[in-house]
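Reproduced below: work00.cif, with mmCIF, N, CA and C atoms.
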data_start
#
loop_
_atom_site.label_atom_id
_atom_site.label_comp_id
_atom_site.auth_asym_id
_atom_site.auth_seq_id
_atom_site.Cartn_x
_atom_site.Cartn_y
_atom_site.Cartn_z
N MET I 1 0.82 -1.20 0.00
CA MET I 1 0.00 0.00 0.00
C MET I 1 0.85 1.25 0.00
N GLY I 2 2.14 1.09 0.09
CA GLY I 2 3.00 2.26 0.13
C GLY I 2 2.77 3.07 1.39
N SER I 3 2.63 2.40 2.50
CA SER I 3 2.27 3.04 3.75
C SER I 3 3.44 3.82 4.35
N PRO I 4 3.25 5.10 4.59
CA PRO I 4 4.28 5.88 5.27
C PRO I 4 4.21 5.60 6.77
N ASP I 5 5.32 5.87 7.45
CA ASP I 5 5.26 5.82 8.90
C ASP I 5 4.30 6.91 9.36
N GLY I 6 3.56 6.62 10.38
CA GLY I 6 2.63 7.62 10.86
C GLY I 6 1.82 7.13 12.03
N GLU I 7 1.03 8.01 12.56
CA GLU I 7 0.21 7.73 13.73
C GLU I 7 -1.23 7.49 13.30
N LEU I 8 -1.82 6.49 13.94
CA LEU I 8 -3.21 6.13 13.67
C LEU I 8 -3.95 6.08 14.99
N SER I 9 -5.09 6.73 15.05
CA SER I 9 -5.92 6.71 16.25
C SER I 9 -7.03 5.69 16.04
N ILE I 10 -7.24 4.82 17.03
CA ILE I 10 -8.30 3.82 16.96
C ILE I 10 -9.19 3.99 18.19
N LEU I 11 -10.47 4.19 17.94
CA LEU I 11 -11.46 4.28 19.01
C LEU I 11 -12.34 3.05 18.94
N ILE I 12 -12.37 2.29 20.01
CA ILE I 12 -13.25 1.13 20.12
C ILE I 12 -14.41 1.57 20.99
N THR I 13 -15.62 1.48 20.44
CA THR I 13 -16.77 2.05 21.12
C THR I 13 -17.98 1.13 21.02
N ASP I 14 -19.14 1.67 21.35
CA ASP I 14 -20.38 0.90 21.28
C ASP I 14 -21.28 1.47 20.19
N ASP I 15 -22.43 0.82 19.97
CA ASP I 15 -23.35 1.25 18.91
C ASP I 15 -23.88 2.66 19.14
N ALA I 16 -24.19 2.99 20.38
CA ALA I 16 -24.75 4.32 20.67
C ALA I 16 -23.77 5.43 20.28
N ASN I 17 -22.51 5.27 20.61
CA ASN I 17 -21.52 6.30 20.30
C ASN I 17 -21.22 6.37 18.80
N ILE I 18 -21.08 5.21 18.15
CA ILE I 18 -20.77 5.25 16.72
C ILE I 18 -21.96 5.81 15.93
N GLU I 19 -23.18 5.60 16.45
CA GLU I 19 -24.36 6.20 15.81
C GLU I 19 -24.29 7.72 15.89
N LYS I 20 -23.86 8.26 17.02
CA LYS I 20 -23.71 9.71 17.16
C LYS I 20 -22.69 10.24 16.15
N ILE I 21 -21.58 9.54 16.00
CA ILE I 21 -20.53 9.96 15.06
C ILE I 21 -21.05 9.85 13.63
N ASN I 22 -21.72 8.76 13.31
CA ASN I 22 -22.27 8.53 11.98
C ASN I 22 -23.29 9.61 11.62
N THR I 23 -24.10 10.00 12.59
CA THR I 23 -25.10 11.05 12.38
C THR I 23 -24.43 12.40 12.19
N ALA I 24 -23.50 12.73 13.06
CA ALA I 24 -22.84 14.04 13.03
C ALA I 24 -22.03 14.27 11.75
N TYR I 25 -21.31 13.26 11.28
CA TYR I 25 -20.40 13.45 10.15
C TYR I 25 -20.96 13.00 8.81
N PHE I 26 -21.92 12.07 8.82
CA PHE I 26 -22.40 11.52 7.56
C PHE I 26 -23.93 11.60 7.41
N SER I 27 -24.60 12.21 8.39
CA SER I 27 -26.06 12.33 8.39
C SER I 27 -26.75 10.97 8.21
N ARG I 28 -26.17 9.97 8.83
CA ARG I 28 -26.75 8.62 8.81
C ARG I 28 -27.09 8.25 10.26
N PRO I 29 -28.34 8.45 10.65
CA PRO I 29 -28.71 8.23 12.06
C PRO I 29 -28.90 6.74 12.40
N LYS I 30 -27.81 6.01 12.32
CA LYS I 30 -27.84 4.59 12.66
C LYS I 30 -26.42 4.14 12.99
N PRO I 31 -26.31 3.08 13.77
CA PRO I 31 -24.95 2.57 14.05
C PRO I 31 -24.37 1.90 12.80
N THR I 32 -23.08 1.77 12.78
CA THR I 32 -22.37 1.09 11.71
C THR I 32 -21.22 0.34 12.34
N ASN I 33 -20.49 -0.45 11.56
CA ASN I 33 -19.41 -1.24 12.14
C ASN I 33 -18.10 -0.45 12.25
N VAL I 34 -17.77 0.34 11.22
CA VAL I 34 -16.50 1.06 11.22
C VAL I 34 -16.65 2.38 10.47
N ILE I 35 -15.97 3.40 10.97
CA ILE I 35 -15.90 4.71 10.32
C ILE I 35 -14.43 5.12 10.30
N SER I 36 -14.01 5.69 9.18
CA SER I 36 -12.62 6.17 9.05
C SER I 36 -12.60 7.65 8.71
N PHE I 37 -11.61 8.33 9.26
CA PHE I 37 -11.36 9.73 8.95
C PHE I 37 -9.90 9.85 8.54
N SER I 38 -9.66 10.08 7.26
CA SER I 38 -8.29 10.17 6.76
C SER I 38 -7.72 11.56 7.03
N MET I 39 -6.48 11.57 7.43
CA MET I 39 -5.75 12.84 7.58
C MET I 39 -4.64 12.91 6.53
N THR I 40 -4.69 11.99 5.54
CA THR I 40 -3.67 11.97 4.50
C THR I 40 -4.14 12.67 3.23
N GLU I 41 -5.44 12.98 3.17
CA GLU I 41 -5.99 13.65 1.99
C GLU I 41 -7.16 14.52 2.43
N GLY I 42 -7.59 15.37 1.57
CA GLY I 42 -8.75 16.21 1.87
C GLY I 42 -8.39 17.45 2.66
N ALA I 43 -9.41 18.03 3.28
CA ALA I 43 -9.28 19.33 3.94
C ALA I 43 -8.29 19.35 5.09
N PHE I 44 -8.04 18.20 5.74
CA PHE I 44 -7.19 18.20 6.94
C PHE I 44 -5.81 17.60 6.70
N ALA I 45 -5.45 17.36 5.45
CA ALA I 45 -4.18 16.70 5.15
C ALA I 45 -2.96 17.51 5.60
N ASP I 46 -3.07 18.83 5.62
CA ASP I 46 -1.92 19.67 5.97
C ASP I 46 -2.01 20.27 7.36
N VAL I 47 -2.90 19.77 8.21
CA VAL I 47 -3.09 20.35 9.54
C VAL I 47 -1.81 20.29 10.36
N ASN I 48 -1.16 19.14 10.41
CA ASN I 48 0.05 18.99 11.20
C ASN I 48 0.96 17.96 10.52
N PRO I 49 1.64 18.35 9.43
CA PRO I 49 2.43 17.38 8.66
C PRO I 49 3.58 16.75 9.46
N GLU I 50 4.09 17.45 10.47
CA GLU I 50 5.19 16.88 11.26
C GLU I 50 4.72 15.68 12.08
N ALA I 51 3.47 15.66 12.46
CA ALA I 51 2.93 14.58 13.29
C ALA I 51 2.72 13.30 12.50
N LYS I 52 2.66 13.41 11.18
CA LYS I 52 2.45 12.25 10.32
C LYS I 52 1.19 11.48 10.71
N MET I 53 0.12 12.24 10.94
CA MET I 53 -1.16 11.62 11.29
C MET I 53 -1.76 10.96 10.05
N LEU I 54 -2.06 9.67 10.16
CA LEU I 54 -2.72 8.96 9.07
C LEU I 54 -4.23 9.16 9.15
N GLY I 55 -4.76 9.13 10.37
CA GLY I 55 -6.19 9.35 10.55
C GLY I 55 -6.74 8.64 11.76
N ASP I 56 -8.06 8.54 11.77
CA ASP I 56 -8.78 7.94 12.89
C ASP I 56 -9.68 6.83 12.37
N ILE I 57 -9.76 5.75 13.14
CA ILE I 57 -10.68 4.66 12.83
C ILE I 57 -11.53 4.42 14.07
N VAL I 58 -12.84 4.36 13.87
CA VAL I 58 -13.79 4.13 14.95
C VAL I 58 -14.47 2.79 14.67
N ILE I 59 -14.44 1.87 15.63
CA ILE I 59 -15.05 0.55 15.46
C ILE I 59 -16.04 0.31 16.58
N SER I 60 -17.24 -0.10 16.22
CA SER I 60 -18.24 -0.50 17.22
C SER I 60 -18.05 -1.98 17.54
N MET I 61 -17.66 -2.27 18.78
CA MET I 61 -17.49 -3.67 19.17
C MET I 61 -18.83 -4.38 19.26
N GLU I 62 -19.90 -3.66 19.59
CA GLU I 62 -21.22 -4.30 19.61
C GLU I 62 -21.57 -4.85 18.23
N THR I 63 -21.38 -4.02 17.21
CA THR I 63 -21.67 -4.47 15.84
C THR I 63 -20.70 -5.55 15.42
N ALA I 64 -19.43 -5.39 15.74
CA ALA I 64 -18.42 -6.41 15.39
C ALA I 64 -18.78 -7.76 16.00
N MET I 65 -19.24 -7.74 17.24
CA MET I 65 -19.61 -9.00 17.91
C MET I 65 -20.82 -9.64 17.23
N ARG I 66 -21.81 -8.83 16.88
CA ARG I 66 -22.99 -9.37 16.18
C ARG I 66 -22.60 -9.96 14.83
N GLU I 67 -21.78 -9.21 14.10
CA GLU I 67 -21.37 -9.67 12.77
C GLU I 67 -20.52 -10.93 12.85
N ALA I 68 -19.67 -11.01 13.86
CA ALA I 68 -18.85 -12.22 14.05
C ALA I 68 -19.74 -13.42 14.33
N GLU I 69 -20.73 -13.23 15.18
CA GLU I 69 -21.64 -14.33 15.49
C GLU I 69 -22.41 -14.77 14.25
N GLU I 70 -22.91 -13.80 13.47
CA GLU I 70 -23.63 -14.12 12.24
C GLU I 70 -22.76 -14.86 11.24
N ALA I 71 -21.48 -14.50 11.17
CA ALA I 71 -20.54 -15.13 10.24
C ALA I 71 -19.88 -16.38 10.83
N MET I 72 -20.19 -16.66 12.10
CA MET I 72 -19.59 -17.80 12.81
C MET I 72 -18.06 -17.75 12.76
N MET I 73 -17.53 -16.59 13.14
CA MET I 73 -16.08 -16.40 13.19
C MET I 73 -15.72 -15.80 14.54
N PRO I 74 -14.47 -15.92 14.94
CA PRO I 74 -14.05 -15.29 16.19
C PRO I 74 -14.20 -13.77 16.10
N VAL I 75 -14.64 -13.16 17.17
CA VAL I 75 -14.84 -11.71 17.18
C VAL I 75 -13.52 -10.98 16.91
N GLU I 76 -12.42 -11.55 17.35
CA GLU I 76 -11.11 -10.92 17.10
C GLU I 76 -10.82 -10.84 15.61
N GLU I 77 -11.18 -11.90 14.88
CA GLU I 77 -10.96 -11.88 13.42
C GLU I 77 -11.84 -10.82 12.77
N ARG I 78 -13.10 -10.71 13.21
CA ARG I 78 -13.99 -9.69 12.64
C ARG I 78 -13.46 -8.30 12.96
N PHE I 79 -12.96 -8.10 14.17
CA PHE I 79 -12.37 -6.82 14.54
C PHE I 79 -11.22 -6.47 13.59
N ILE I 80 -10.36 -7.44 13.32
CA ILE I 80 -9.22 -7.19 12.43
C ILE I 80 -9.69 -6.89 11.01
N GLN I 81 -10.74 -7.59 10.54
CA GLN I 81 -11.30 -7.28 9.23
C GLN I 81 -11.77 -5.83 9.17
N LEU I 82 -12.44 -5.39 10.23
CA LEU I 82 -12.93 -4.01 10.26
C LEU I 82 -11.78 -3.01 10.34
N LEU I 83 -10.74 -3.35 11.08
CA LEU I 83 -9.56 -2.49 11.15
C LEU I 83 -8.91 -2.36 9.78
N VAL I 84 -8.76 -3.48 9.08
CA VAL I 84 -8.19 -3.47 7.72
C VAL I 84 -9.08 -2.62 6.81
N HIS I 85 -10.38 -2.81 6.90
CA HIS I 85 -11.33 -2.04 6.09
C HIS I 85 -11.15 -0.53 6.35
N GLY I 86 -11.05 -0.17 7.62
CA GLY I 86 -10.84 1.23 7.97
C GLY I 86 -9.52 1.76 7.43
N LEU I 87 -8.47 0.96 7.52
CA LEU I 87 -7.16 1.38 6.99
C LEU I 87 -7.22 1.60 5.48
N LEU I 88 -7.92 0.72 4.80
CA LEU I 88 -8.04 0.89 3.34
C LEU I 88 -8.73 2.21 3.01
N HIS I 89 -9.74 2.58 3.78
CA HIS I 89 -10.38 3.88 3.57
C HIS I 89 -9.38 5.01 3.82
N ILE I 90 -8.57 4.88 4.87
CA ILE I 90 -7.56 5.91 5.18
C ILE I 90 -6.62 6.10 4.00
N PHE I 91 -6.30 4.99 3.31
CA PHE I 91 -5.37 5.06 2.18
C PHE I 91 -6.07 5.26 0.84
N GLY I 92 -7.32 5.71 0.90
CA GLY I 92 -7.99 6.14 -0.33
C GLY I 92 -8.89 5.13 -1.01
N TYR I 93 -9.00 3.93 -0.51
CA TYR I 93 -9.91 2.96 -1.11
C TYR I 93 -11.34 3.36 -0.78
N ASP I 94 -12.24 3.10 -1.73
CA ASP I 94 -13.63 3.52 -1.55
C ASP I 94 -14.55 2.46 -2.15
N HIS I 95 -15.69 2.26 -1.50
CA HIS I 95 -16.68 1.32 -2.03
C HIS I 95 -18.08 1.93 -2.04
N GLU I 96 -18.18 3.20 -1.66
CA GLU I 96 -19.49 3.83 -1.53
C GLU I 96 -19.78 4.91 -2.58
N SER I 97 -18.78 5.62 -2.99
CA SER I 97 -18.98 6.74 -3.92
C SER I 97 -19.28 6.23 -5.32
N PRO I 98 -20.04 7.03 -6.08
CA PRO I 98 -20.27 6.66 -7.48
C PRO I 98 -18.93 6.53 -8.22
N GLY I 99 -18.79 5.46 -8.96
CA GLY I 99 -17.54 5.23 -9.69
C GLY I 99 -16.44 4.60 -8.86
N SER I 100 -16.72 4.30 -7.58
CA SER I 100 -15.69 3.68 -6.73
C SER I 100 -15.49 2.24 -7.16
N ASP I 101 -14.39 1.70 -6.74
CA ASP I 101 -14.06 0.33 -7.11
C ASP I 101 -14.14 -0.57 -5.88
N ALA I 102 -15.36 -0.98 -5.55
CA ALA I 102 -15.59 -1.83 -4.38
C ALA I 102 -14.86 -3.16 -4.53
N GLU I 103 -14.79 -3.66 -5.74
CA GLU I 103 -14.13 -4.95 -5.97
C GLU I 103 -12.63 -4.86 -5.67
N ALA I 104 -12.00 -3.78 -6.07
CA ALA I 104 -10.57 -3.59 -5.78
C ALA I 104 -10.34 -3.50 -4.27
N MET I 105 -11.23 -2.82 -3.57
CA MET I 105 -11.10 -2.70 -2.11
C MET I 105 -11.26 -4.06 -1.46
N GLU I 106 -12.23 -4.84 -1.90
CA GLU I 106 -12.45 -6.17 -1.33
C GLU I 106 -11.26 -7.08 -1.59
N LYS I 107 -10.70 -7.02 -2.79
CA LYS I 107 -9.52 -7.84 -3.12
C LYS I 107 -8.33 -7.47 -2.24
N LYS I 108 -8.11 -6.17 -2.06
CA LYS I 108 -7.00 -5.71 -1.23
C LYS I 108 -7.20 -6.17 0.21
N SER I 109 -8.42 -6.10 0.70
CA SER I 109 -8.73 -6.57 2.05
C SER I 109 -8.40 -8.06 2.18
N GLU I 110 -8.81 -8.85 1.20
CA GLU I 110 -8.53 -10.29 1.23
C GLU I 110 -7.03 -10.56 1.21
N VAL I 111 -6.29 -9.81 0.40
CA VAL I 111 -4.83 -9.97 0.33
C VAL I 111 -4.19 -9.66 1.68
N LEU I 112 -4.63 -8.58 2.31
CA LEU I 112 -4.06 -8.20 3.61
C LEU I 112 -4.41 -9.22 4.70
N MET I 113 -5.64 -9.70 4.70
CA MET I 113 -6.04 -10.71 5.69
C MET I 113 -5.23 -11.99 5.49
N GLU I 114 -5.02 -12.38 4.25
CA GLU I 114 -4.23 -13.58 3.97
C GLU I 114 -2.77 -13.37 4.40
N MET I 115 -2.25 -12.17 4.17
CA MET I 115 -0.89 -11.86 4.61
C MET I 115 -0.77 -12.01 6.12
N LEU I 116 -1.75 -11.53 6.86
CA LEU I 116 -1.74 -11.67 8.32
C LEU I 116 -1.78 -13.14 8.73
N ARG I 117 -2.54 -13.94 8.00
CA ARG I 117 -2.59 -15.38 8.31
C ARG I 117 -1.24 -16.04 8.02
N LYS I 118 -0.64 -15.71 6.88
CA LYS I 118 0.66 -16.31 6.51
C LYS I 118 1.76 -15.93 7.49
N GLU I 119 1.69 -14.72 7.98
CA GLU I 119 2.68 -14.25 8.96
C GLU I 119 2.34 -14.72 10.37
N ARG I 120 1.28 -15.51 10.47
CA ARG I 120 0.80 -16.05 11.74
C ARG I 120 0.44 -14.95 12.75
N LEU I 121 -0.04 -13.84 12.20
CA LEU I 121 -0.53 -12.76 13.03
C LEU I 121 -2.04 -12.85 13.21
N LEU I 122 -2.64 -13.78 12.48
CA LEU I 122 -4.07 -14.00 12.54
C LEU I 122 -4.33 -15.47 12.29
N GLY I 123 -5.11 -16.08 13.14
CA GLY I 123 -5.45 -17.48 12.97
C GLY I 123 -5.76 -18.11 14.30
N PRO I 124 -6.13 -19.38 14.29
CA PRO I 124 -6.57 -20.03 15.53
C PRO I 124 -5.52 -20.06 16.63
N ASP I 125 -4.24 -20.09 16.24
CA ASP I 125 -3.19 -20.14 17.26
C ASP I 125 -2.80 -18.75 17.77
N THR I 126 -3.27 -17.69 17.11
CA THR I 126 -2.86 -16.35 17.51
C THR I 126 -3.99 -15.54 18.12
N ILE I 127 -5.22 -15.95 17.89
CA ILE I 127 -6.34 -15.21 18.45
C ILE I 127 -6.50 -15.62 19.91
N ILE I 128 -6.35 -14.66 20.77
CA ILE I 128 -6.42 -14.90 22.20
C ILE I 128 -7.63 -14.15 22.74
N THR I 129 -8.47 -14.85 23.45
CA THR I 129 -9.63 -14.19 24.03
C THR I 129 -9.19 -13.30 25.19
N ALA I 130 -10.05 -12.38 25.56
CA ALA I 130 -9.74 -11.49 26.68
C ALA I 130 -9.51 -12.30 27.95
N ALA I 131 -10.29 -13.35 28.15
CA ALA I 131 -10.12 -14.18 29.35
C ALA I 131 -8.76 -14.87 29.36
N GLU I 132 -8.33 -15.36 28.20
CA GLU I 132 -7.02 -16.00 28.12
C GLU I 132 -5.91 -15.00 28.40
N GLN I 133 -6.06 -13.79 27.87
CA GLN I 133 -5.06 -12.75 28.10
C GLN I 133 -4.96 -12.40 29.57
N ARG I 134 -6.09 -12.29 30.26
CA ARG I 134 -6.08 -11.99 31.71
C ARG I 134 -5.37 -13.09 32.47
N ARG I 135 -5.62 -14.36 32.12
CA ARG I 135 -4.95 -15.46 32.81
C ARG I 135 -3.44 -15.39 32.63
N LYS I 136 -2.98 -14.99 31.44
CA LYS I 136 -1.55 -14.91 31.17
C LYS I 136 -0.87 -13.83 32.00
N THR I 137 -1.60 -12.76 32.31
CA THR I 137 -0.98 -11.64 33.03
C THR I 137 -1.14 -11.76 34.55
N GLU I 138 -1.89 -12.72 35.02
CA GLU I 138 -2.09 -12.88 36.48
C GLU I 138 -0.94 -13.62 37.10
#

This structure in structure tokens:
Amino acid sequence: MGSPDGELSILITDDANIEKINTAYFSRPKPTNVISFSMTEGAFADVNPEAKMLGDIVISMETAMREAEEAMMPVEERFIQLLVHGLLHIFGYDHESPGSDAEAMEKKSEVLMEMLRKERLLGPDTIITAAEQRRKTE
């Protein structure tokens, strides 16, 4: 993706909060799974170039958990899918605008998810539940 070094803000929230954000910024009065705000392009690209801000990603864990259950996948994997989706938006991929290339975005998402699996950063041996993590630190 030609990713520069930079800072990324991630907010993990609930449906009520993401609905407020979705309404305020996109006039969509409903919760969603992920919202991205790029700081690499558009009106805010030059706000603080020294900080190398890539942008902000907001993920609703309530929606991620529902979607994971519906897809019969671990919630951690669904969270990572949403994070990848948000990152692709930060780097200019689009699936909503007229003339956007949703297929290219989906393919790139699949490539990145497969890369994470190959690097063993994602998969049954690497996904640790919160309960397992607490036991490890006790």

field: Residues matched by the PyMOL selection byres ((chain I and resi 12-17) around 8) as an MDAnalysis selection string
entry: chainID I and resid 9:11 18:23 30:32 57:63

- request: Kindly resolve the PyMOL selection byres ((chain I and resi 39) around 6) on the present coordinates and return the residues as a list in words.
  value: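 That selection, the PyMOL selection byres ((chain I and resi 39) around 6), comes back as Phe37, Ser38, Thr40, Glu41, Phe44, Ala45, Met53, Leu54, Gly55 and Asp56 of chain I.
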
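Counting only N, CA and C atoms, the residue from I:Val111, I:Lys52, I:Glu76, I:Phe91 that sits nearest to Leu8 of chain I is I:Lys52.
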
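Atom CA of Met65 of chain I sits 26.9 Å away from atom CA of Ser97 of chain I.
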
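For the pair atom N of Val34 of chain I and atom N of Met105 of chain I, the interatomic distance is 16.5 Å.
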
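Rounded to one decimal, atom CA of Met113 of chain I and atom CA of Gln81 of chain I lie 7.2 Å from each other.
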
message: Given only N, CA and C atoms as the basis, pick out the residue of I:His85, I:Ala43, I:Lys108, I:Phe79 nearest to Ala64 of chain I.
response: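 Closest candidate: I:Phe79.
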